[in-house]
Amino acid sequence: MRSLDLLKPDSAAAIIIDLQRGYCDPNSDCAIRLKWDVTTADKVCHAHAPYLESLRKILPPNRIVWSQMEEAADTYASNNAYGATGDLASEFVPLCVRGTPGHDFHIVKPAEGEKVIFKVQHSIFSCHTPDAAGLAEYLKSLGVSQLVFSGVVASRCVNASVIVASNYLGFECVLLSDLVTGPKHLEVEITEHLKTTNFFYANTRTAEEVLKQLTRSR
């Protein structure tokens with residue numbers, strides 16, 4: 001998107017990536033078993049609460065879309081050859097297995113009528129589940145041409161989703177710089193990915209800037 005002034009509520013949808021306990025809860029397996037520092041992810045989940053309160057006054061429920069990742073040994077690991085040569089699959093720590101607390105949303109969750117996309121790969125538009133494979137067609141059927149992204153992990157699932165949406169599917173994209181993050185050990189990776197995303201794939205702005213623009217252009 002060349003200018004934030006082009007963002008309009010009648011053509012926009014919000015995409016919220018993987019705000020699940022497995023990635024964001026300081027008491028989850030990623031924090032305890034993998035010893036990840038997820039402090040910023042926890043904070044970003046809390047920060048989504050006021051963002052969503054405002055967003056829900058602007059966009060209808062069917063244009064607020066959440067992804068929910070299944071990161072388990074029989075889905076994520078097998079599809080990604082876990083480890084550089086596939087030799088670390090036995091060490092895989094499942095973080096977001098359906099039916100366990102790690103799969104649940106953390107702090108915030110979808111409201112009635114908001115769409116939830118189940119996925120087993122990084123991009124919310126992945127072809128590996130029917131939900132994800134049909135998302136682009138669903139959004140375009142609503143007249144959506146602009147997507148506002150937030151969530152975790154900024155350099156992985158968020159980044160992959162933005163690239164596919166912008167580069168392959170033709171959506172204009174905005175990335176909320178203050179509502180994307182990841183574990184502390186990925187800070188450098190995240191910073192570099194955000195620079196690249198802002199240069200090539202998305203207009204990077206704060207949640208406040210985007211909400212003001214959506215409100216102003218109603």
# chains A, B, ... in the order shown; residues from 1 in each chain; ligands from 1
>>> residues_around(residues="region 10-23 of chain A", least_positions_apart="2", cutoff="7 Å", atoms="only C-alpha atoms", output="compact mmCIF listing (two decimals) with N, CA and C atoms, in the first residue's frame")
# COMPACT_ATOMS: atom_id res chain seq x y z
N LYS A 8 -9.23 1.94 3.66
CA LYS A 8 -10.65 2.24 3.84
C LYS A 8 -11.36 1.09 4.54
N ASP A 25 2.21 -17.42 26.22
CA ASP A 25 1.97 -17.53 27.65
C ASP A 25 3.27 -17.85 28.38
N SER A 28 3.65 -21.45 29.42
CA SER A 28 3.47 -22.48 28.40
C SER A 28 4.73 -23.31 28.22
N ASP A 29 4.61 -24.35 27.38
CA ASP A 29 5.75 -25.22 27.10
C ASP A 29 6.91 -24.48 26.46
N CYS A 30 6.60 -23.49 25.59
CA CYS A 30 7.71 -22.78 24.93
C CYS A 30 8.53 -22.01 25.95
N CYS A 45 -0.23 -9.58 23.34
CA CYS A 45 -1.58 -10.13 23.51
C CYS A 45 -2.44 -9.18 24.35
N ARG A 63 -15.01 -9.70 8.91
CA ARG A 63 -13.76 -9.19 8.35
C ARG A 63 -12.68 -9.03 9.42
N ILE A 64 -12.86 -9.73 10.54
CA ILE A 64 -11.80 -9.88 11.54
C ILE A 64 -11.46 -11.36 11.57
N VAL A 65 -10.25 -11.69 11.14
CA VAL A 65 -9.85 -13.08 10.89
C VAL A 65 -8.68 -13.44 11.80
N TRP A 66 -8.81 -14.57 12.48
CA TRP A 66 -7.77 -15.09 13.37
C TRP A 66 -7.20 -16.37 12.80
N SER A 67 -5.90 -16.58 12.99
CA SER A 67 -5.36 -17.90 12.69
C SER A 67 -5.04 -18.63 13.98
N GLN A 68 -5.15 -19.94 13.92
CA GLN A 68 -4.85 -20.80 15.06
C GLN A 68 -3.96 -21.94 14.55
N MET A 69 -2.73 -21.95 15.02
CA MET A 69 -1.72 -22.88 14.52
C MET A 69 -1.80 -24.22 15.22
N LEU A 95 3.87 -27.40 20.65
CA LEU A 95 3.48 -26.21 21.42
C LEU A 95 1.99 -25.91 21.35
N CYS A 96 1.35 -26.21 20.24
CA CYS A 96 -0.04 -25.79 20.04
C CYS A 96 -0.89 -26.96 19.56
N PRO A 101 -3.91 -26.90 26.43
CA PRO A 101 -3.95 -25.46 26.70
C PRO A 101 -3.13 -24.62 25.72
N GLY A 102 -2.05 -25.20 25.18
CA GLY A 102 -1.20 -24.44 24.26
C GLY A 102 -1.89 -24.00 23.00
N HIS A 103 -2.96 -24.70 22.62
CA HIS A 103 -3.69 -24.36 21.40
C HIS A 103 -4.66 -23.21 21.61
N ASP A 104 -5.01 -22.95 22.86
CA ASP A 104 -6.00 -21.91 23.17
C ASP A 104 -5.43 -20.52 22.90
N PHE A 105 -6.33 -19.58 22.64
CA PHE A 105 -5.91 -18.19 22.50
C PHE A 105 -5.49 -17.64 23.86
N HIS A 106 -4.57 -16.68 23.83
CA HIS A 106 -3.99 -16.12 25.05
C HIS A 106 -4.47 -14.67 25.23
N GLY A 143 -15.35 -8.33 -0.80
CA GLY A 143 -14.87 -7.06 -1.34
C GLY A 143 -13.61 -6.55 -0.67
N VAL A 144 -12.91 -7.43 0.03
CA VAL A 144 -11.70 -7.03 0.75
C VAL A 144 -10.51 -7.03 -0.21
N SER A 145 -9.78 -5.92 -0.19
CA SER A 145 -8.55 -5.82 -0.98
C SER A 145 -7.37 -5.34 -0.13
N GLN A 146 -7.64 -5.00 1.13
CA GLN A 146 -6.62 -4.47 2.03
C GLN A 146 -6.61 -5.27 3.34
N LEU A 147 -5.42 -5.65 3.79
CA LEU A 147 -5.29 -6.47 4.99
C LEU A 147 -4.40 -5.79 6.01
N VAL A 148 -4.84 -5.82 7.27
CA VAL A 148 -4.08 -5.25 8.38
C VAL A 148 -3.62 -6.40 9.27
N PHE A 149 -2.32 -6.60 9.37
CA PHE A 149 -1.75 -7.76 10.06
C PHE A 149 -1.22 -7.42 11.44
N SER A 150 -1.43 -8.36 12.38
CA SER A 150 -0.81 -8.29 13.70
C SER A 150 -0.60 -9.72 14.19
N GLY A 151 0.19 -9.88 15.29
CA GLY A 151 0.34 -11.21 15.88
C GLY A 151 1.77 -11.67 16.03
N VAL A 152 1.95 -12.98 16.12
CA VAL A 152 3.26 -13.61 16.32
C VAL A 152 3.40 -14.84 15.39
N VAL A 158 3.77 -14.40 10.75
CA VAL A 158 3.26 -13.10 10.29
C VAL A 158 3.93 -12.73 8.97
>>> atom_distance(atom1="CA of Asp42 (chain A)", atom2="CA of Leu139 (chain A)")
28.6 Å
>>> residues_around(residues="Glu209 (chain A)", least_positions_apart="2", cutoff="12 Å", atoms="only C-alpha atoms", output="JSON, numbers by chain")
{"A": [3, 4, 5, 7, 51, 148, 174, 175, 176, 177, 178, 203, 204, 205, 206, 207, 211, 212, 213, 214, 215, 216]}
>>> select_by_dssp(residues="region 8-67 of chain A", states="strand (DSSP E)", output="list in words")
Ala12, Ala13, Ala14, Ile15, Ile16, Ile17, Ile64, Val65, Trp66 and Ser67 of chain A
>>> write_last_selection(atoms="N, CA and C atoms", output="PDB file, in the first residue's frame")
ATOM      1  N   ALA A  12     -11.253  -3.191   3.875  1.00  0.00           N
ATOM      2  CA  ALA A  12     -10.205  -3.699   4.765  1.00  0.00           C
ATOM      3  C   ALA A  12     -10.689  -4.883   5.601  1.00  0.00           C
ATOM      4  N   ALA A  13      -9.725  -5.729   5.957  1.00  0.00           N
ATOM      5  CA  ALA A  13      -9.951  -6.807   6.926  1.00  0.00           C
ATOM      6  C   ALA A  13      -8.737  -6.862   7.840  1.00  0.00           C
ATOM      7  N   ALA A  14      -8.952  -7.307   9.069  1.00  0.00           N
ATOM      8  CA  ALA A  14      -7.863  -7.474  10.034  1.00  0.00           C
ATOM      9  C   ALA A  14      -7.485  -8.945  10.113  1.00  0.00           C
ATOM     10  N   ILE A  15      -6.185  -9.225  10.068  1.00  0.00           N
ATOM     11  CA  ILE A  15      -5.668 -10.587  10.156  1.00  0.00           C
ATOM     12  C   ILE A  15      -4.819 -10.693  11.422  1.00  0.00           C
ATOM     13  N   ILE A  16      -5.226 -11.540  12.348  1.00  0.00           N
ATOM     14  CA  ILE A  16      -4.557 -11.676  13.648  1.00  0.00           C
ATOM     15  C   ILE A  16      -3.937 -13.065  13.723  1.00  0.00           C
ATOM     16  N   ILE A  17      -2.616 -13.104  13.791  1.00  0.00           N
ATOM     17  CA  ILE A  17      -1.876 -14.351  13.627  1.00  0.00           C
ATOM     18  C   ILE A  17      -1.459 -14.970  14.965  1.00  0.00           C
ATOM     19  N   ILE A  64     -12.857  -9.727  10.535  1.00  0.00           N
ATOM     20  CA  ILE A  64     -11.802  -9.876  11.536  1.00  0.00           C
ATOM     21  C   ILE A  64     -11.456 -11.363  11.567  1.00  0.00           C
ATOM     22  N   VAL A  65     -10.254 -11.685  11.140  1.00  0.00           N
ATOM     23  CA  VAL A  65      -9.855 -13.076  10.893  1.00  0.00           C
ATOM     24  C   VAL A  65      -8.680 -13.444  11.795  1.00  0.00           C
ATOM     25  N   TRP A  66      -8.810 -14.571  12.484  1.00  0.00           N
ATOM     26  CA  TRP A  66      -7.769 -15.086  13.371  1.00  0.00           C
ATOM     27  C   TRP A  66      -7.197 -16.372  12.801  1.00  0.00           C
ATOM     28  N   SER A  67      -5.903 -16.584  12.993  1.00  0.00           N
ATOM     29  CA  SER A  67      -5.358 -17.899  12.687  1.00  0.00           C
ATOM     30  C   SER A  67      -5.037 -18.627  13.984  1.00  0.00           C
TER      31      SER A  67
END
